[in-house]
Amino acid sequence: MNLFGLVRRELSHRKGQAVSGLLAIVLGVAVIVALRSVTRVSEIAVATKLDNLGANILVLPIGTSVDDYRSADIDAATLPEEYVERIVASTLPGVDNLSPKLTRRMEVGGQKLVVTGILPTNEIASKPVWQLDALSGGAAHACSKDAGAYVNPRLKRKAVGSLDEQECLVGAAAAARLKVVKGATVDLGGTPLKVEAVIPETGTVDDDRIFVHLRTMQRVTATPGKVSSIEIMGCCNAITDGLLGKLRNVLPDTKITTVQQIVATQIETNALVKKVSFAFLWVVLVVGGLSIGNSIWANVNQRRREIGILRLLGTPRGGIYGLLLGKAAFLGVVGGFLGWVIGTIAGSTLGADITGLEVRPVGALLGTSLLVAVGTSLLGAFLPAHLASRIEPQADLGET
Amino acid sequence: MTLERVGKRYAHADGPVDALADVDLALPEGAFVTVTGPSGSGKSTLLMLLGGLSRPTSGRIAFRDRPLGTLPDAELALHRRLRLGFVMQSFCLIPYLTAVENVELALALAAVDRKLRREKALALLGQVDLSARANHLPRELSMGQQQRVALARAFAKEPLLVLADEPTGNLDPRLSRDILDLLEQMNRERQTAVVMVTHSPEAAERGTMRVALEAGRVVDASPGLRLPAPAATA
């Protein structure tokens, strides 16, 4: 029998009181865990959506219309390609990939088509819809001196291995209009280009485009060192954390837009739920702390005689603190764990109904739950424990 | 333990109350001292002062020359934990601990080795004839049995002094005799000093030395309890 044993035995002796003290902590932690579990999954879903869209930030010359995000850069004025280096040099967090391109409407094989000059590795890395074996040449890597220079190495997508300056990729609709297949040759402003591949139908404007190497495009259009847009694949959280503003600081004479609006509602909901869960955190701290404090206070009053006996037997004031704060900490651990379990179950069941997403247990929230619950319990129990430690040994022993 | 001109004064709305005044006593080691006196004579106050549960407002109390009155709270707690045992009228057992756990608790507080605690606690309960009730909660024991658990707890850590405040006050005459027999036996066998406060003349007879109090003053004391006269100075 030691002080911990005493806490354990006392708790099992007064189970009802312990349960009522725990209730506020359990419920509060459960609500926080449920909200955070759902928000976390929703955040991942938003990030995945943005990721699947490919590049989600577009840097354009000032004055460009962005009515249609996918075709905003066609015939746009140009930007110095050096801007790409400027973004790289800024080392802004959340910039995963940079894809400079030069797009123009041109006559190819008697057809008016949109031709886009790209740096192949960068372009493929930012377009998941292109991740097809027919086009891929292995993991992203540089296929020319400058290609791949702006790819975040953690992007492990497959990329075109060998689109060189005499080759092109043709969108499915463009290939149909030109009546070309893989291996054919098309003429671009007097430069013959071999069709390296026909991109399977993507359902985007890319279907009507021809993709050539950026250097070829700059040469054919006589715009060396110029691009019409820079596509950036930005991390979702970084975008919501103000990446656009930071980019605008780096490139003040450009127009920077994003496809964030596609998932804007979900991002707003996530932010709202995040705020609500923080508000709940305060509620738990206050209500849970008061509840545990009240429970320990009632416990101290009920145990005045018992505390007197312990003091009589030589328990120092610190031992009384230890006894009551130990009990509060134990209740906190149990409350935090139960709250996490209940919150996770609630998040999984209700979250799936509300968001349509599969909500899985978030292990990291267990640590937070325990921390909040134990901290709250200790805060709530401190004053009653302090007052209990002042109980004199002879108090309430009923002696004559 | 020595008490020199010890007094205890309590503040009261009607004016200060002297619960004890000018008490001079020397308690020899291993003695069985009984303290008698009418209600309000200061018996329990004396016991509280001896146990370091209260501090004198005047005079000096020393345990083996160590002044108790000025010790900080933590050291007084340590003193109680290691050197003193208590037997109170209301038994003072922890209600949710079994008999053996109640005894073990005193041993744990005295930092007795974990492995020895259970063994010693059971041995003590055997000595007070409660082996069969070792795993019973206080509410499952009779009052006499509860007081025997309290006795076992008081003597378990082999203290230098056991303080007993009306230990038979709640018991019938037969159980009272049992408890007094046990106190005597423990005192004799273990050479642990006992100071017992009692109303009962019969219980008082058990002491090898006696102190009588009245209105907070010592009115009678066995010769062995008197402080030696200070050495005459030239």
# chains A, B, ... in the order shown; residues from 1 in each chain; ligands from 1
>>> interface_residues(of="chain A", to="chain B", cutoff="6 Å", atoms="only C-alpha atoms", output="list in words")
Met1, Asn2, Leu313, Gly314 and Pro316 of chain A
>>> write_last_selection(atoms="N, CA, C and O atoms", output="PDB file, in the first residue's frame")
ATOM      1  N   MET A   1       0.846  -1.201   0.000  1.00  0.00           N
ATOM      2  CA  MET A   1       0.000   0.000   0.000  1.00  0.00           C
ATOM      3  C   MET A   1       0.876   1.244   0.000  1.00  0.00           C
ATOM      4  O   MET A   1       1.729   1.406   0.859  1.00  0.00           O
ATOM      5  N   ASN A   2       0.697   2.062  -0.986  1.00  0.00           N
ATOM      6  CA  ASN A   2       1.399   3.351  -1.015  1.00  0.00           C
ATOM      7  C   ASN A   2       0.385   4.412  -1.457  1.00  0.00           C
ATOM      8  O   ASN A   2      -0.816   4.116  -1.570  1.00  0.00           O
ATOM      9  N   LEU A 313      -0.809  10.118  10.788  1.00  0.00           N
ATOM     10  CA  LEU A 313       0.174   9.050  10.585  1.00  0.00           C
ATOM     11  C   LEU A 313       1.501   9.583  10.029  1.00  0.00           C
ATOM     12  O   LEU A 313       2.420   8.820   9.807  1.00  0.00           O
ATOM     13  N   GLY A 314       1.541  10.886   9.765  1.00  0.00           N
ATOM     14  CA  GLY A 314       2.816  11.472   9.348  1.00  0.00           C
ATOM     15  C   GLY A 314       2.909  11.817   7.878  1.00  0.00           C
ATOM     16  O   GLY A 314       4.008  12.065   7.375  1.00  0.00           O
ATOM     17  N   PRO A 316       3.152  14.160   4.997  1.00  0.00           N
ATOM     18  CA  PRO A 316       3.416  15.601   4.917  1.00  0.00           C
ATOM     19  C   PRO A 316       2.402  16.290   4.011  1.00  0.00           C
ATOM     20  O   PRO A 316       1.662  15.625   3.279  1.00  0.00           O
TER      21      PRO A 316
END
>>> select_by_dssp(residues="region 42-101 of chain B", states="strand (DSSP E)", output="count of residues only")
13
>>> residues_around(residues="Pro80 (chain A)", least_positions_apart="4", cutoff="9 Å", atoms="only C-alpha atoms", output="mmCIF file with C-alpha atoms, in the first residue's frame")
data_model
loop_
_atom_site.group_PDB
_atom_site.id
_atom_site.type_symbol
_atom_site.label_atom_id
_atom_site.label_comp_id
_atom_site.auth_asym_id
_atom_site.auth_seq_id
_atom_site.Cartn_x
_atom_site.Cartn_y
_atom_site.Cartn_z
ATOM 1 C CA VAL A 84 10.745 31.046 -62.085
ATOM 2 C CA GLY A 225 13.625 33.756 -72.209
ATOM 3 C CA LYS A 226 9.889 34.479 -72.078
ATOM 4 C CA VAL A 227 6.943 32.491 -70.795
ATOM 5 C CA SER A 228 3.241 33.267 -70.834
#
>>> atom_distance(atom1="CA of Arg311 (chain A)", atom2="CA of Leu323 (chain A)")
11.9 Å
>>> residues_around(residues="Val211 (chain B)", least_positions_apart="3", cutoff="8 Å", atoms="only C-alpha atoms", output="PyMOL selection string")
chain B and resi 33-36+218-222
>>> residues_around(residues="region 17-25 of chain B", least_positions_apart="4", cutoff="10 Å", atoms="only C-alpha atoms", output="ChimeraX atom specification")
/B:1-13,40-46,56-61,211,213-219,221-222,224-228
>>> write_last_selection(atoms="C-alpha atoms", output="short mmCIF file (atom, residue, chain, number, x, y, z; two decimals), in the first residue's frame")
data_model
loop_
_atom_site.label_atom_id
_atom_site.label_comp_id
_atom_site.auth_asym_id
_atom_site.auth_seq_id
_atom_site.Cartn_x
_atom_site.Cartn_y
_atom_site.Cartn_z
CA MET B 1 10.62 13.37 26.21
CA THR B 2 10.64 16.44 28.40
CA LEU B 3 8.12 19.23 28.89
CA GLU B 4 9.32 22.39 30.59
CA ARG B 5 6.74 24.95 31.71
CA VAL B 6 4.62 24.04 28.71
CA GLY B 7 1.43 26.00 28.16
CA LYS B 8 -1.24 26.04 25.50
CA ARG B 9 -3.55 28.99 25.19
CA TYR B 10 -6.48 29.12 22.77
CA ALA B 11 -8.04 32.34 21.57
CA HIS B 12 -11.76 32.60 22.21
CA ALA B 13 -14.38 35.29 21.71
CA GLY B 40 -11.60 19.92 29.96
CA SER B 41 -8.59 19.30 32.18
CA GLY B 42 -6.24 19.38 29.16
CA LYS B 43 -5.60 15.64 28.71
CA SER B 44 -6.13 15.59 24.96
CA THR B 45 -4.31 18.90 24.54
CA LEU B 46 -1.32 17.34 26.29
CA PRO B 56 2.79 24.95 22.67
CA THR B 57 2.20 28.66 23.13
CA SER B 58 4.76 28.75 25.92
CA GLY B 59 7.50 26.52 27.34
CA ARG B 60 9.52 23.85 25.58
CA ILE B 61 8.85 20.26 24.50
CA VAL B 211 -0.22 11.99 35.75
CA LEU B 213 -4.45 17.00 35.43
CA GLU B 214 -6.95 19.54 36.58
CA ALA B 215 -7.79 22.82 34.87
CA GLY B 216 -4.76 22.46 32.64
CA ARG B 217 -2.26 21.92 35.45
CA VAL B 218 -0.49 18.84 36.75
CA VAL B 219 -1.92 18.12 40.18
CA ALA B 221 2.53 12.85 38.95
CA SER B 222 4.52 9.72 39.70
CA GLY B 224 9.67 9.18 37.84
CA LEU B 225 7.81 11.76 35.73
CA ARG B 226 9.08 14.83 37.49
CA LEU B 227 11.73 16.95 35.87
CA PRO B 228 15.06 16.73 37.64
#
>>> atom_distance(atom1="CA of Ile232 (chain A)", atom2="CA of Val88 (chain A)")
10.9 Å
>>> select_by_dssp(residues="region 181-261 of chain A", states="alpha helix (DSSP H)", output="ChimeraX atom specification")
/A:214-220,236-240,243-250
>>> residues_around(residues="Thr376 (chain A)", least_positions_apart="4", cutoff="7 Å", atoms="only C-alpha atoms", output="number ranges by chain")
A: 285, 288-289, 372, 380
>>> closest_residue(among="A:Glu165, A:Glu43, A:Glu82, A:Glu10", to="Asn270 (chain A)", atoms="only C-alpha atoms")
A:Glu43
>>> closest_residue(among="B:Asp14, B:Leu49, B:Ala164, B:Asp129", to="Gln145 (chain B)", atoms="only C-alpha atoms")
B:Asp129
>>> closest_residue(among="B:Ala31, B:Val128, B:Ala99, B:Ala26", to="Leu161 (chain B)", atoms="only C-alpha atoms")
B:Ala31
>>> closest_residue(among="A:Ser37, A:Leu3, A:Val19, A:Ile342", to="Ser277 (chain A)", atoms="only C-alpha atoms")
A:Ser37
>>> closest_residue(among="A:Val250, A:Thr223, A:Thr64, A:Ile345", to="Thr91 (chain A)", atoms="only C-alpha atoms")
A:Val250
>>> atom_distance(atom1="CA of Ala352 (chain A)", atom2="CA of Val333 (chain A)")
27.8 Å
>>> residues_around(residues="region 297-309 of chain A", least_positions_apart="3", cutoff="9 Å", atoms="only C-alpha atoms", output="PyMOL selection string")
(chain A and resi 17+292-294+312-315+320+324+381+383-385+387-389+391-398) or (chain B and resi 92-95)
>>> write_last_selection(atoms="C-alpha atoms", output="PDB file, in the first residue's frame")
ATOM      1  CA  GLN A  17     -18.259  10.216  -7.621  1.00  0.00           C
ATOM      2  CA  ILE A 292     -13.034  18.032 -11.674  1.00  0.00           C
ATOM      3  CA  GLY A 293     -12.314  20.828  -9.202  1.00  0.00           C
ATOM      4  CA  ASN A 294     -15.837  20.533  -7.818  1.00  0.00           C
ATOM      5  CA  LEU A 312      -1.799  11.982  11.978  1.00  0.00           C
ATOM      6  CA  LEU A 313       0.174   9.050  10.585  1.00  0.00           C
ATOM      7  CA  GLY A 314       2.816  11.472   9.348  1.00  0.00           C
ATOM      8  CA  THR A 315       1.833  12.250   5.754  1.00  0.00           C
ATOM      9  CA  ILE A 320      -1.731  15.254   0.540  1.00  0.00           C
ATOM     10  CA  LEU A 324      -5.339  14.583  -4.625  1.00  0.00           C
ATOM     11  CA  ALA A 381      -7.835  20.061  -8.572  1.00  0.00           C
ATOM     12  CA  LEU A 383      -7.059  24.693  -5.226  1.00  0.00           C
ATOM     13  CA  PRO A 384      -8.928  21.881  -3.405  1.00  0.00           C
ATOM     14  CA  ALA A 385      -5.613  20.023  -3.019  1.00  0.00           C
ATOM     15  CA  LEU A 387      -6.798  23.624   0.904  1.00  0.00           C
ATOM     16  CA  ALA A 388      -6.703  19.924   1.806  1.00  0.00           C
ATOM     17  CA  SER A 389      -2.985  20.140   2.525  1.00  0.00           C
ATOM     18  CA  ILE A 391      -6.026  20.370   7.105  1.00  0.00           C
ATOM     19  CA  GLU A 392      -4.472  19.837  10.513  1.00  0.00           C
ATOM     20  CA  PRO A 393      -3.811  16.283  11.677  1.00  0.00           C
ATOM     21  CA  GLN A 394      -6.184  16.473  14.602  1.00  0.00           C
ATOM     22  CA  ALA A 395      -9.016  17.903  12.500  1.00  0.00           C
ATOM     23  CA  ASP A 396     -12.265  15.998  12.329  1.00  0.00           C
ATOM     24  CA  LEU A 397     -10.940  12.988  14.189  1.00  0.00           C
ATOM     25  CA  GLY A 398     -13.757  13.381  16.668  1.00  0.00           C
TER      26      GLY A 398
ATOM     27  CA  CYS B  92      -9.053   6.330  12.832  1.00  0.00           C
ATOM     28  CA  LEU B  93      -8.896   3.594  10.211  1.00  0.00           C
ATOM     29  CA  ILE B  94      -9.100   4.357   6.492  1.00  0.00           C
ATOM     30  CA  PRO B  95     -12.568   3.024   5.602  1.00  0.00           C
TER      31      PRO B  95
END
